[in-house]
file coords_3.txt (compact mmCIF, C-alpha atoms (C1' of nucleotides))
# COMPACT_ATOMS: atom_id res chain seq x y z
CA MET A 1 17.92 -57.99 -72.04
CA ALA A 2 17.19 -59.83 -75.33
CA ALA A 3 14.61 -62.59 -75.45
CA THR A 4 17.27 -65.05 -76.60
CA THR A 5 19.27 -66.58 -73.76
CA PRO A 6 22.13 -64.16 -73.21
CA VAL A 7 24.91 -66.69 -72.70
CA ARG A 8 27.43 -63.92 -72.20
CA GLU A 9 25.62 -62.71 -69.12
CA ARG A 10 24.80 -66.04 -67.54
CA THR A 11 27.93 -66.37 -65.44
CA ARG A 12 27.69 -62.79 -64.34
CA HIS A 13 24.14 -63.34 -63.26
CA GLU A 14 25.03 -66.49 -61.35
CA ILE A 15 27.76 -64.62 -59.51
CA VAL A 16 25.37 -61.89 -58.39
CA ARG A 17 22.76 -64.43 -57.39
CA HIS A 18 25.08 -66.46 -55.21
CA ALA A 19 26.84 -63.41 -53.81
CA MET A 20 23.49 -62.12 -52.66
CA ARG A 21 22.68 -65.34 -50.88
CA LEU A 22 26.10 -65.56 -49.25
CA PHE A 23 26.09 -61.92 -48.14
CA GLN A 24 22.72 -62.59 -46.59
CA ASP A 25 23.60 -65.86 -44.90
CA ARG A 26 27.07 -65.13 -43.57
CA GLY A 27 27.41 -61.39 -43.88
CA HIS A 28 29.25 -59.35 -46.45
CA ASN A 29 32.54 -59.26 -44.64
CA ALA A 30 32.61 -62.95 -43.88
CA THR A 31 32.18 -63.74 -47.57
CA SER A 32 35.32 -63.92 -49.69
CA LEU A 33 35.62 -63.78 -53.45
CA GLN A 34 36.62 -67.43 -53.25
CA ASP A 35 33.34 -68.24 -51.50
CA ILE A 36 31.39 -66.46 -54.20
CA ALA A 37 33.34 -68.12 -56.99
CA SER A 38 32.88 -71.59 -55.51
CA ALA A 39 29.16 -71.07 -55.03
CA ALA A 40 28.77 -69.74 -58.56
CA GLY A 41 30.76 -72.64 -59.95
CA CYS A 42 33.61 -70.64 -61.37
CA SER A 43 37.00 -69.36 -60.33
CA LYS A 44 37.97 -66.27 -58.43
CA ALA A 45 39.59 -64.93 -61.57
CA THR A 46 36.30 -65.22 -63.42
CA VAL A 47 34.53 -63.21 -60.75
CA LEU A 48 37.18 -60.53 -61.17
CA TYR A 49 36.78 -60.65 -64.93
CA HIS A 50 33.13 -59.70 -64.58
CA PHE A 51 33.53 -57.29 -61.68
CA ALA A 52 36.27 -54.83 -60.83
CA GLY A 53 36.41 -56.14 -57.26
CA LYS A 54 34.33 -57.10 -54.27
CA PRO A 55 32.77 -53.62 -53.97
CA ALA A 56 31.57 -53.91 -57.55
CA VAL A 57 29.92 -57.23 -56.74
CA LEU A 58 28.21 -55.61 -53.79
CA ALA A 59 27.03 -52.75 -55.95
CA ALA A 60 25.53 -55.20 -58.44
CA VAL A 61 23.70 -56.95 -55.62
CA LEU A 62 22.22 -53.72 -54.29
CA GLU A 63 21.53 -52.14 -57.65
CA PRO A 64 17.96 -53.32 -58.35
CA ALA A 65 16.72 -52.25 -54.93
CA GLY A 66 18.49 -48.93 -55.30
CA ALA A 67 16.92 -48.37 -58.68
CA ASP A 68 13.43 -48.99 -57.29
CA LEU A 69 14.11 -46.61 -54.43
CA ALA A 70 15.09 -43.94 -56.92
CA VAL A 71 11.84 -44.57 -58.81
CA LEU A 72 9.91 -44.17 -55.56
CA ASN A 73 11.56 -40.84 -54.87
CA ALA A 74 11.04 -39.56 -58.38
CA ALA A 75 7.37 -40.51 -58.31
CA ALA A 76 6.83 -38.38 -55.20
CA ASP A 77 8.02 -35.26 -56.98
CA GLY A 78 5.31 -32.71 -57.32
CA MET A 79 3.10 -34.22 -54.64
CA SER A 80 2.09 -32.21 -51.61
CA ARG A 81 3.87 -32.99 -48.35
CA THR A 82 0.88 -34.93 -47.05
CA GLU A 83 0.36 -36.84 -50.27
CA ALA A 84 4.03 -37.63 -50.51
CA GLN A 85 4.14 -38.92 -46.94
CA GLU A 86 1.22 -41.25 -47.45
CA PHE A 87 2.75 -42.40 -50.72
CA ALA A 88 6.14 -42.96 -49.12
CA ILE A 89 4.71 -44.99 -46.25
CA ARG A 90 2.87 -47.26 -48.64
CA GLU A 91 5.61 -47.65 -51.19
CA PHE A 92 8.50 -47.93 -48.76
CA THR A 93 6.73 -50.72 -46.91
CA ASP A 94 6.23 -52.47 -50.20
CA LEU A 95 9.84 -51.94 -51.19
CA ALA A 96 11.05 -53.36 -47.90
CA VAL A 97 9.02 -56.52 -48.34
CA ARG A 98 10.12 -57.01 -51.94
CA TYR A 99 13.78 -56.49 -51.14
CA ARG A 100 13.93 -57.71 -47.56
CA GLY A 101 16.90 -59.92 -48.33
CA VAL A 102 18.83 -57.11 -49.94
CA ILE A 103 17.98 -54.77 -47.08
CA ASP A 104 19.43 -57.28 -44.69
CA ILE A 105 22.66 -56.95 -46.62
CA LEU A 106 22.43 -53.18 -46.75
CA GLN A 107 22.53 -52.93 -42.98
CA ASP A 108 25.54 -55.13 -42.88
CA VAL A 109 27.49 -52.88 -45.21
CA LEU A 110 26.40 -49.50 -43.91
CA PRO A 111 29.71 -48.99 -42.10
CA VAL A 112 31.67 -49.43 -45.34
CA ILE A 113 29.17 -47.80 -47.66
CA ASP A 114 31.52 -44.97 -48.55
CA GLU A 115 34.02 -47.44 -49.98
CA VAL A 116 31.49 -48.19 -52.70
CA PRO A 117 30.98 -45.03 -54.73
CA GLU A 118 28.76 -46.97 -57.13
CA ILE A 119 25.98 -46.90 -54.57
CA ALA A 120 26.35 -43.40 -53.21
CA GLN A 121 23.06 -42.66 -54.95
CA VAL A 122 21.31 -45.19 -52.74
CA VAL A 123 22.44 -43.31 -49.65
CA ALA A 124 21.30 -40.01 -51.13
CA ASP A 125 17.93 -41.52 -51.96
CA GLY A 126 17.66 -42.83 -48.43
CA ILE A 127 18.02 -39.29 -47.12
CA LYS A 128 15.46 -38.06 -49.60
CA LEU A 129 13.11 -40.74 -48.31
CA THR A 130 13.55 -39.45 -44.77
CA GLU A 131 12.27 -36.10 -45.91
CA LEU A 132 9.27 -37.62 -47.65
CA LEU A 133 8.35 -39.65 -44.57
CA ALA A 134 8.72 -36.71 -42.21
CA ALA A 135 6.30 -34.45 -44.06
CA SER A 136 7.81 -31.53 -42.19
CA ASP A 137 11.21 -29.91 -41.81
CA ASP A 138 10.86 -30.03 -38.05
CA ARG A 139 13.94 -31.53 -36.47
CA LEU A 140 11.93 -33.90 -34.32
CA GLU A 141 9.81 -35.14 -37.20
CA GLN A 142 12.91 -35.70 -39.30
CA GLY A 143 14.39 -37.68 -36.41
CA LEU A 144 11.27 -39.79 -36.14
CA ALA A 145 11.39 -40.52 -39.86
CA LYS A 146 14.96 -41.70 -39.49
CA PHE A 147 13.91 -43.74 -36.48
CA ALA A 148 11.20 -45.31 -38.61
CA ILE A 149 13.57 -46.20 -41.41
CA ASN A 150 16.02 -47.77 -39.00
CA GLY A 151 13.28 -49.74 -37.32
CA LEU A 152 12.00 -50.99 -40.63
CA LEU A 153 15.44 -51.93 -41.88
CA GLY A 154 16.02 -53.86 -38.68
CA GLU A 155 12.84 -55.85 -39.17
CA CYS A 156 14.13 -57.15 -42.47
CA ARG A 157 16.80 -59.14 -40.72
CA HIS A 158 16.38 -62.85 -40.15
CA SER A 159 14.06 -63.47 -43.04
CA GLY A 160 12.80 -66.75 -41.60
CA GLU A 161 11.03 -65.21 -38.65
CA ARG A 162 8.14 -63.58 -40.46
CA THR A 163 6.08 -64.07 -43.59
CA ASP A 164 5.92 -61.31 -46.16
CA ASP A 165 2.38 -60.45 -45.12
CA GLU A 166 3.32 -60.25 -41.46
CA LEU A 167 6.25 -58.01 -42.31
CA ARG A 168 4.10 -55.75 -44.47
CA ASN A 169 1.45 -55.43 -41.79
CA LEU A 170 3.98 -54.76 -39.05
CA CYS A 171 5.84 -52.11 -41.01
CA ASP A 172 2.68 -50.36 -42.08
CA ILE A 173 1.41 -50.12 -38.51
CA ALA A 174 4.77 -49.03 -37.13
CA LEU A 175 5.26 -46.31 -39.73
CA ARG A 176 1.76 -44.93 -39.17
CA ARG A 177 2.06 -44.91 -35.41
CA LEU A 178 5.38 -43.11 -35.60
CA LEU A 179 4.66 -40.65 -38.37
CA LYS A 180 0.92 -40.11 -38.26
CA PRO A 181 -0.05 -40.55 -34.60
CA ALA A 182 -3.76 -40.26 -33.86
CA MET B 1 38.84 -51.31 -8.04
CA ALA B 2 41.16 -50.08 -5.27
CA ALA B 3 41.46 -46.38 -4.56
CA THR B 4 45.17 -46.50 -5.20
CA THR B 5 46.16 -46.16 -8.86
CA PRO B 6 46.19 -49.72 -10.20
CA VAL B 7 49.29 -49.50 -12.35
CA ARG B 8 48.86 -53.07 -13.49
CA GLU B 9 45.57 -52.22 -15.14
CA ARG B 10 46.48 -48.95 -16.73
CA THR B 11 47.60 -50.32 -20.09
CA ARG B 12 44.60 -52.60 -20.27
CA HIS B 13 42.33 -49.67 -19.65
CA GLU B 14 44.03 -47.55 -22.29
CA ILE B 15 43.58 -50.34 -24.80
CA VAL B 16 39.86 -50.58 -24.14
CA ARG B 17 39.47 -46.83 -24.24
CA HIS B 18 41.17 -46.41 -27.59
CA ALA B 19 39.59 -49.52 -29.05
CA MET B 20 36.19 -48.07 -28.23
CA ARG B 21 36.97 -44.84 -29.98
CA LEU B 22 38.39 -46.58 -33.04
CA PHE B 23 35.50 -49.03 -33.31
CA GLN B 24 33.19 -46.05 -33.18
CA ASP B 25 35.06 -43.90 -35.68
CA ARG B 26 36.05 -46.44 -38.33
CA GLY B 27 33.95 -49.48 -37.52
CA HIS B 28 34.92 -52.68 -35.77
CA ASN B 29 36.00 -54.55 -38.83
CA ALA B 30 38.08 -51.73 -40.24
CA THR B 31 40.05 -51.56 -37.01
CA SER B 32 43.03 -53.88 -36.69
CA LEU B 33 44.87 -54.92 -33.56
CA GLN B 34 47.75 -52.85 -34.88
CA ASP B 35 45.54 -49.77 -35.02
CA ILE B 36 44.46 -50.33 -31.44
CA ALA B 37 48.02 -50.92 -30.29
CA SER B 38 49.32 -47.79 -31.99
CA ALA B 39 46.54 -45.66 -30.55
CA ALA B 40 47.09 -47.06 -27.08
CA GLY B 41 50.82 -46.50 -27.40
CA CYS B 42 51.89 -50.12 -27.15
CA SER B 43 52.55 -53.08 -29.41
CA LYS B 44 50.20 -55.64 -30.87
CA ALA B 45 51.79 -58.25 -28.64
CA THR B 46 50.89 -56.23 -25.58
CA VAL B 47 47.29 -56.03 -26.66
CA LEU B 48 47.30 -59.79 -27.03
CA TYR B 49 48.93 -60.16 -23.64
CA HIS B 50 45.95 -58.43 -22.03
CA PHE B 51 43.25 -59.91 -24.25
CA ALA B 52 42.88 -63.36 -25.76
CA GLY B 53 42.15 -61.83 -29.19
CA LYS B 54 40.16 -59.19 -30.97
CA PRO B 55 36.81 -60.64 -29.84
CA ALA B 56 37.97 -60.32 -26.24
CA VAL B 57 38.78 -56.65 -26.80
CA LEU B 58 35.31 -56.15 -28.25
CA ALA B 59 33.76 -57.90 -25.27
CA ALA B 60 35.61 -55.59 -22.90
CA VAL B 61 34.35 -52.56 -24.81
CA LEU B 62 30.73 -53.73 -24.65
CA GLU B 63 30.84 -55.06 -21.12
CA PRO B 64 29.80 -52.00 -19.08
CA ALA B 65 26.76 -51.32 -21.25
CA GLY B 66 25.84 -55.00 -21.13
CA ALA B 67 26.08 -55.01 -17.36
CA ASP B 68 23.74 -52.05 -17.08
CA LEU B 69 21.28 -53.70 -19.43
CA ALA B 70 21.28 -56.77 -17.21
CA VAL B 71 20.61 -54.56 -14.20
CA LEU B 72 17.68 -52.97 -16.06
CA ASN B 73 16.18 -56.38 -16.80
CA ALA B 74 16.66 -57.64 -13.27
CA ALA B 75 15.02 -54.55 -11.82
CA ALA B 76 11.87 -55.20 -13.85
CA ASP B 77 11.40 -58.60 -12.27
CA GLY B 78 8.25 -58.80 -10.25
CA MET B 79 6.65 -55.75 -11.85
CA SER B 80 3.34 -56.01 -13.64
CA ARG B 81 3.42 -55.98 -17.44
CA THR B 82 2.28 -52.37 -17.54
CA GLU B 83 4.67 -51.21 -14.86
CA ALA B 84 7.53 -53.06 -16.50
CA GLN B 85 6.76 -51.52 -19.89
CA GLU B 86 6.77 -47.99 -18.54
CA PHE B 87 9.94 -48.74 -16.61
CA ALA B 88 11.63 -50.23 -19.67
CA ILE B 89 10.75 -47.27 -21.88
CA ARG B 90 12.23 -44.84 -19.39
CA GLU B 91 15.32 -46.82 -18.49
CA PHE B 92 16.11 -48.01 -22.00
CA THR B 93 16.00 -44.46 -23.30
CA ASP B 94 18.36 -43.47 -20.54
CA LEU B 95 20.67 -46.39 -21.24
CA ALA B 96 20.78 -45.51 -24.93
CA VAL B 97 21.82 -41.95 -24.21
CA ARG B 98 24.48 -42.97 -21.69
CA TYR B 99 25.97 -45.58 -23.97
CA ARG B 100 25.20 -44.12 -27.37
CA GLY B 101 28.78 -44.56 -28.48
CA VAL B 102 28.86 -48.19 -27.47
CA ILE B 103 25.51 -48.82 -29.11
CA ASP B 104 26.91 -47.47 -32.33
CA ILE B 105 29.53 -50.19 -32.10
CA LEU B 106 26.99 -52.83 -31.16
CA GLN B 107 25.14 -52.35 -34.45
CA ASP B 108 28.31 -52.70 -36.34
CA VAL B 109 29.10 -56.07 -34.80
CA LEU B 110 25.64 -57.59 -34.79
CA PRO B 111 26.46 -59.77 -37.81
CA VAL B 112 29.40 -61.36 -35.99
CA ILE B 113 27.92 -61.36 -32.52
CA ASP B 114 27.90 -65.14 -32.30
CA GLU B 115 31.65 -65.24 -32.70
CA VAL B 116 31.93 -63.55 -29.32
CA PRO B 117 30.53 -65.92 -26.71
CA GLU B 118 31.56 -63.50 -23.97
CA ILE B 119 28.68 -61.24 -24.89
CA ALA B 120 25.99 -63.81 -25.57
CA GLN B 121 24.33 -62.54 -22.41
CA VAL B 122 23.92 -59.11 -23.96
CA VAL B 123 21.94 -60.65 -26.80
CA ALA B 124 19.80 -62.63 -24.37
CA ASP B 125 19.14 -59.47 -22.37
CA GLY B 126 18.20 -57.67 -25.57
CA ILE B 127 15.50 -60.28 -26.20
CA LYS B 128 14.31 -59.98 -22.64
CA LEU B 129 14.02 -56.24 -23.19
CA THR B 130 11.83 -56.83 -26.22
CA GLU B 131 9.39 -58.67 -24.00
CA LEU B 132 9.36 -55.92 -21.40
CA LEU B 133 8.70 -53.27 -24.03
CA ALA B 134 5.94 -55.24 -25.71
CA ALA B 135 3.85 -55.67 -22.56
CA SER B 136 2.02 -58.47 -24.35
CA ASP B 137 2.87 -61.80 -25.95
CA ASP B 138 1.01 -60.79 -29.06
CA ARG B 139 3.13 -61.38 -32.13
CA LEU B 140 2.45 -57.93 -33.53
CA GLU B 141 3.29 -56.16 -30.27
CA GLN B 142 6.50 -58.14 -29.98
CA GLY B 143 7.34 -57.13 -33.52
CA LEU B 144 6.70 -53.48 -32.73
CA ALA B 145 8.96 -53.72 -29.70
CA LYS B 146 11.72 -55.10 -31.86
CA PHE B 147 11.03 -52.36 -34.38
CA ALA B 148 11.36 -49.83 -31.57
CA ILE B 149 14.68 -51.23 -30.40
CA ASN B 150 16.07 -51.21 -33.91
CA GLY B 151 14.91 -47.67 -34.47
CA LEU B 152 16.47 -46.52 -31.24
CA LEU B 153 19.74 -48.31 -31.91
CA GLY B 154 19.88 -46.66 -35.30
CA GLU B 155 19.45 -43.21 -33.80
CA CYS B 156 22.61 -43.70 -31.77
CA ARG B 157 24.71 -43.65 -34.89
CA HIS B 158 26.61 -40.54 -35.89
CA SER B 159 26.94 -39.08 -32.41
CA GLY B 160 27.64 -35.59 -33.68
CA GLU B 161 24.21 -35.05 -35.16
CA ARG B 162 22.23 -34.69 -31.97
CA THR B 163 22.74 -33.57 -28.39
CA ASP B 164 22.04 -36.00 -25.56
CA ASP B 165 18.86 -34.15 -24.67
CA GLU B 166 17.61 -34.22 -28.25
CA LEU B 167 18.33 -37.93 -28.44
CA ARG B 168 16.56 -38.60 -25.15
CA ASN B 169 13.50 -36.63 -26.21
CA LEU B 170 13.33 -38.25 -29.63
CA CYS B 171 13.66 -41.78 -28.27
CA ASP B 172 11.09 -41.22 -25.58
CA ILE B 173 8.53 -39.92 -28.05
CA ALA B 174 9.22 -42.64 -30.58
CA LEU B 175 8.94 -45.45 -28.04
CA ARG B 176 5.67 -44.10 -26.67
CA ARG B 177 4.12 -43.61 -30.09
CA LEU B 178 5.05 -47.13 -31.10
CA LEU B 179 4.30 -48.99 -27.90
CA LYS B 180 1.61 -46.96 -26.18
CA PRO B 181 -0.37 -45.31 -29.00
CA ALA B 182 -3.15 -42.99 -27.87
C1' DG C 1 35.44 -66.12 -71.06
C1' DT C 2 37.40 -69.06 -68.13
C1' DC C 3 41.03 -71.32 -66.10
C1' DT C 4 45.59 -72.22 -63.02
C1' DA C 5 49.22 -70.25 -60.79
C1' DT C 6 51.07 -66.74 -58.31
C1' DA C 7 52.24 -62.16 -56.43
C1' DC C 8 51.23 -59.04 -52.82
C1' DG C 9 49.75 -57.17 -48.66
C1' DA C 10 47.37 -57.21 -44.29
C1' DA C 11 45.71 -59.23 -40.32
C1' DG C 12 45.62 -62.34 -36.28
C1' DA C 13 48.44 -64.66 -33.45
C1' DT C 14 52.88 -66.84 -31.29
C1' DA C 15 57.95 -67.25 -29.65
C1' DG C 16 61.37 -65.74 -27.14
C1' DA C 17 64.40 -61.87 -25.53
C1' DC C 18 64.53 -58.17 -22.19
C1' DG D 1 54.58 -56.56 -18.89
C1' DT D 2 56.33 -55.19 -22.94
C1' DC D 3 58.97 -55.54 -26.86
C1' DT D 4 60.79 -57.23 -31.80
C1' DA D 5 60.65 -60.65 -35.00
C1' DT D 6 58.32 -64.14 -37.19
C1' DC D 7 54.69 -67.45 -38.69
C1' DT D 8 50.49 -68.47 -40.90
C1' DT D 9 46.39 -67.61 -43.03
C1' DC D 10 43.55 -65.25 -45.96
C1' DG D 11 41.75 -61.96 -49.23
C1' DT D 12 42.42 -59.16 -53.27
C1' DA D 13 44.20 -58.83 -57.53
C1' DT D 14 47.22 -59.93 -61.74
C1' DA D 15 49.66 -62.78 -65.45
C1' DG D 16 49.43 -65.75 -68.82
C1' DA D 17 47.80 -70.25 -70.83
C1' DC D 18 43.81 -72.39 -73.03
call {"tool": "encode", "arguments": {"input": "coords_3.txt", "output": "structure tokens"}}
result
Amino acid sequence: MAATTPVRERTRHEIVRHAMRLFQDRGHNATSLQDIASAAGCSKATVLYHFAGKPAVLAAVLEPAGADLAVLNAAADGMSRTEAQEFAIREFTDLAVRYRGVIDILQDVLPVIDEVPEIAQVVADGIKLTELLAASDDRLEQGLAKFAINGLLGECRHSGERTDDELRNLCDIALRRLLKPA
Amino acid sequence: MAATTPVRERTRHEIVRHAMRLFQDRGHNATSLQDIASAAGCSKATVLYHFAGKPAVLAAVLEPAGADLAVLNAAADGMSRTEAQEFAIREFTDLAVRYRGVIDILQDVLPVIDEVPEIAQVVADGIKLTELLAASDDRLEQGLAKFAINGLLGECRHSGERTDDELRNLCDIALRRLLKPA
DNA sequence: GTCTATACGAAGATAGAC
DNA sequence: GTCTATCTTCGTATAGAC
């Protein structure tokens, strides 16, 4: 975090950077520690010096997006249901665009998410987000909110197909149609 | 297909049946051939006698749902855009409910779908379905249709959470809000 | 901090007996 | 058709030198 180049953290950072790209391009499961090490220009052993294992690498990749999601949730505290919903629609769309690559990965690892306790908070925050988006405890509305999240997550796949602006516009319209129908 | 019990096919059928359940419960990747064999009450070698490999088992699991999707697409041929859209909304909802377990699996394997050429047709039919649902070649409408499919696929996860009727109702409402807003 | 070398286990797949 | 035994490959992780 210092202004001086933190040499100690450079390798670690390179590992996370390349792991993210590989997870995105080939999928999490299809990426081995050897793949990550080669891409980062170091050895497998070095990767395992910096991270406890592959799950820890994954956690590091997801961490920034998870942190921003937590911020989103915290910021909605104290708002009215209606305010919070509007806020969540706007901010979640924004979050999706900013982290579209990471979200692509997130989908890929959903089936094994419980093997990575480091990111349990992300799952919890995802559920919290459902409640914000629903703006009601009605079972149907909650289901629609979940539907909306899944739809939005799905759109983040295949980054090449859409520009950021197209994605933002699409998600905004879809969320509003689903959650605030005329 | 004969009315008489086809003894020759019984093991094969058991394998598919248990593979489906395991893929659903633990995820495709977390399920080994050994797991499938044990559940089906036979050996790994027997599984590989009936199927060329794990991808072939997966293909057999997905095949019935894929076949019905192809039927859906074929039936829409010759309809007007508007007719086809209404038809697709109704039939796709129905398909999702009938095959909710299989759809759960489908999501899980999307990242490795291209390793299974046997089910390339399912992917092609999924794209065709997007076009039916969109009812327009507009880029935004196509995006919303894809959003809708992703949302619906996501709802099929965690079968225990919702009854079939709840799922049907939710999907119907969501698709109409997204694709035919008032 | 980073490397090479290696241990260990699991998974997919094959060979050959029955 | 089904089995046991075996092969090979690969991924995770550790040991120990530099």
call {"tool": "interface_residues", "arguments": {"input": "coords_3.txt", "of": "chain C", "to": "chain A", "cutoff": "12 Å", "atoms": "all atoms listed in the file", "output": "number ranges by chain"}}
result
C: 1-5
call {"tool": "closest_residue", "arguments": {"input": "coords_3.txt", "among": "A:Leu132, A:Val16, A:Leu110, A:Ile89", "to": "Val57 (chain A)", "atoms": "only C-alpha atoms"}}
result
A:Val16
call {"tool": "closest_residue", "arguments": {"input": "coords_3.txt", "among": "B:Val116, B:Ile103, B:Leu175, B:Ala30", "to": "Ala145 (chain B)", "atoms": "all atoms listed in the file"}}
result
B:Leu175
call {"tool": "interface_residues", "arguments": {"input": "coords_3.txt", "of": "chain D", "to": "chain A", "cutoff": "9 Å", "atoms": "all atoms listed in the file", "output": "MDAnalysis selection string"}}
result
chainID D and resid 11:13
call {"tool": "residues_around", "arguments": {"input": "coords_3.txt", "residues": "region 123-128 of chain A", "least_positions_apart": "3", "cutoff": "8 Å", "atoms": "only C-alpha atoms (C1' of nucleotides)", "output": "list in words"}}
result
Leu69, Ala70, Asn73, Ile119, Ala120, Glu131 and Leu132 of chain A
call {"tool": "interface_residues", "arguments": {"input": "coords_3.txt", "of": "chain B", "to": "chain A", "cutoff": "8 Å", "atoms": "only C-alpha atoms", "output": "VMD selection string"}}
result
chain B and resid 26 to 27 108 111 140 143 to 144 146 to 152 154 to 155 170 174 177 to 178 181 to 182
call {"tool": "write_last_selection", "arguments": {"input": "coords_3.txt", "atoms": "C-alpha atoms", "output": "mmCIF file, in the coordinates of the input"}}
result
data_model
loop_
_atom_site.group_PDB
_atom_site.id
_atom_site.type_symbol
_atom_site.label_atom_id
_atom_site.label_comp_id
_atom_site.auth_asym_id
_atom_site.auth_seq_id
_atom_site.Cartn_x
_atom_site.Cartn_y
_atom_site.Cartn_z
ATOM 1 C CA ARG B 26 36.050 -46.440 -38.330
ATOM 2 C CA GLY B 27 33.950 -49.480 -37.520
ATOM 3 C CA ASP B 108 28.310 -52.700 -36.340
ATOM 4 C CA PRO B 111 26.460 -59.770 -37.810
ATOM 5 C CA LEU B 140 2.450 -57.930 -33.530
ATOM 6 C CA GLY B 143 7.340 -57.130 -33.520
ATOM 7 C CA LEU B 144 6.700 -53.480 -32.730
ATOM 8 C CA LYS B 146 11.720 -55.100 -31.860
ATOM 9 C CA PHE B 147 11.030 -52.360 -34.380
ATOM 10 C CA ALA B 148 11.360 -49.830 -31.570
ATOM 11 C CA ILE B 149 14.680 -51.230 -30.400
ATOM 12 C CA ASN B 150 16.070 -51.210 -33.910
ATOM 13 C CA GLY B 151 14.910 -47.670 -34.470
ATOM 14 C CA LEU B 152 16.470 -46.520 -31.240
ATOM 15 C CA GLY B 154 19.880 -46.660 -35.300
ATOM 16 C CA GLU B 155 19.450 -43.210 -33.800
ATOM 17 C CA LEU B 170 13.330 -38.250 -29.630
ATOM 18 C CA ALA B 174 9.220 -42.640 -30.580
ATOM 19 C CA ARG B 177 4.120 -43.610 -30.090
ATOM 20 C CA LEU B 178 5.050 -47.130 -31.100
ATOM 21 C CA PRO B 181 -0.370 -45.310 -29.000
ATOM 22 C CA ALA B 182 -3.150 -42.990 -27.870
#
call {"tool": "residues_near_point", "arguments": {"input": "coords_3.txt", "point": "(57.3, -66.1, -37.4)", "cutoff": "10 Å", "atoms": "all atoms listed in the file", "output": "JSON, numbers by chain"}}
result
{"C": [13, 14, 15], "D": [5, 6, 7, 8]}
call {"tool": "atom_distance", "arguments": {"input": "coords_3.txt", "atom1": "CA of Asp114 (chain B)", "atom2": "CA of Asp164 (chain A)"}}
result
26.3 Å
call {"tool": "atom_distance", "arguments": {"input": "coords_3.txt", "atom1": "CA of His158 (chain A)", "atom2": "CA of Gly101 (chain A)"}}
result
8.7 Å
call {"tool": "atom_distance", "arguments": {"input": "coords_3.txt", "atom1": "CA of Ser159 (chain A)", "atom2": "CA of Asp104 (chain A)"}}
result
8.4 Å
call {"tool": "residues_near_point", "arguments": {"input": "coords_3.txt", "point": "(12.7, -48.2, -55.8)", "cutoff": "12 Å", "atoms": "all atoms listed in the file", "output": "PDB file with C-alpha atoms, keeping the file's coordinate frame"}}
result
ATOM      1  CA  LEU A  62      22.220 -53.720 -54.290  1.00  0.00           C
ATOM      2  CA  GLU A  63      21.530 -52.140 -57.650  1.00  0.00           C
ATOM      3  CA  PRO A  64      17.960 -53.320 -58.350  1.00  0.00           C
ATOM      4  CA  ALA A  65      16.720 -52.250 -54.930  1.00  0.00           C
ATOM      5  CA  GLY A  66      18.490 -48.930 -55.300  1.00  0.00           C
ATOM      6  CA  ALA A  67      16.920 -48.370 -58.680  1.00  0.00           C
ATOM      7  CA  ASP A  68      13.430 -48.990 -57.290  1.00  0.00           C
ATOM      8  CA  LEU A  69      14.110 -46.610 -54.430  1.00  0.00           C
ATOM      9  CA  ALA A  70      15.090 -43.940 -56.920  1.00  0.00           C
ATOM     10  CA  VAL A  71      11.840 -44.570 -58.810  1.00  0.00           C
ATOM     11  CA  LEU A  72       9.910 -44.170 -55.560  1.00  0.00           C
ATOM     12  CA  ASN A  73      11.560 -40.840 -54.870  1.00  0.00           C
ATOM     13  CA  ALA A  74      11.040 -39.560 -58.380  1.00  0.00           C
ATOM     14  CA  ALA A  75       7.370 -40.510 -58.310  1.00  0.00           C
ATOM     15  CA  ALA A  76       6.830 -38.380 -55.200  1.00  0.00           C
ATOM     16  CA  ALA A  88       6.140 -42.960 -49.120  1.00  0.00           C
ATOM     17  CA  GLU A  91       5.610 -47.650 -51.190  1.00  0.00           C
ATOM     18  CA  PHE A  92       8.500 -47.930 -48.760  1.00  0.00           C
ATOM     19  CA  THR A  93       6.730 -50.720 -46.910  1.00  0.00           C
ATOM     20  CA  ASP A  94       6.230 -52.470 -50.200  1.00  0.00           C
ATOM     21  CA  LEU A  95       9.840 -51.940 -51.190  1.00  0.00           C
ATOM     22  CA  ALA A  96      11.050 -53.360 -47.900  1.00  0.00           C
ATOM     23  CA  VAL A  97       9.020 -56.520 -48.340  1.00  0.00           C
ATOM     24  CA  ARG A  98      10.120 -57.010 -51.940  1.00  0.00           C
ATOM     25  CA  TYR A  99      13.780 -56.490 -51.140  1.00  0.00           C
ATOM     26  CA  GLN A 121      23.060 -42.660 -54.950  1.00  0.00           C
ATOM     27  CA  VAL A 122      21.310 -45.190 -52.740  1.00  0.00           C
ATOM     28  CA  ASP A 125      17.930 -41.520 -51.960  1.00  0.00           C
ATOM     29  CA  GLY A 126      17.660 -42.830 -48.430  1.00  0.00           C
ATOM     30  CA  LEU A 129      13.110 -40.740 -48.310  1.00  0.00           C
TER      31      LEU A 129
END
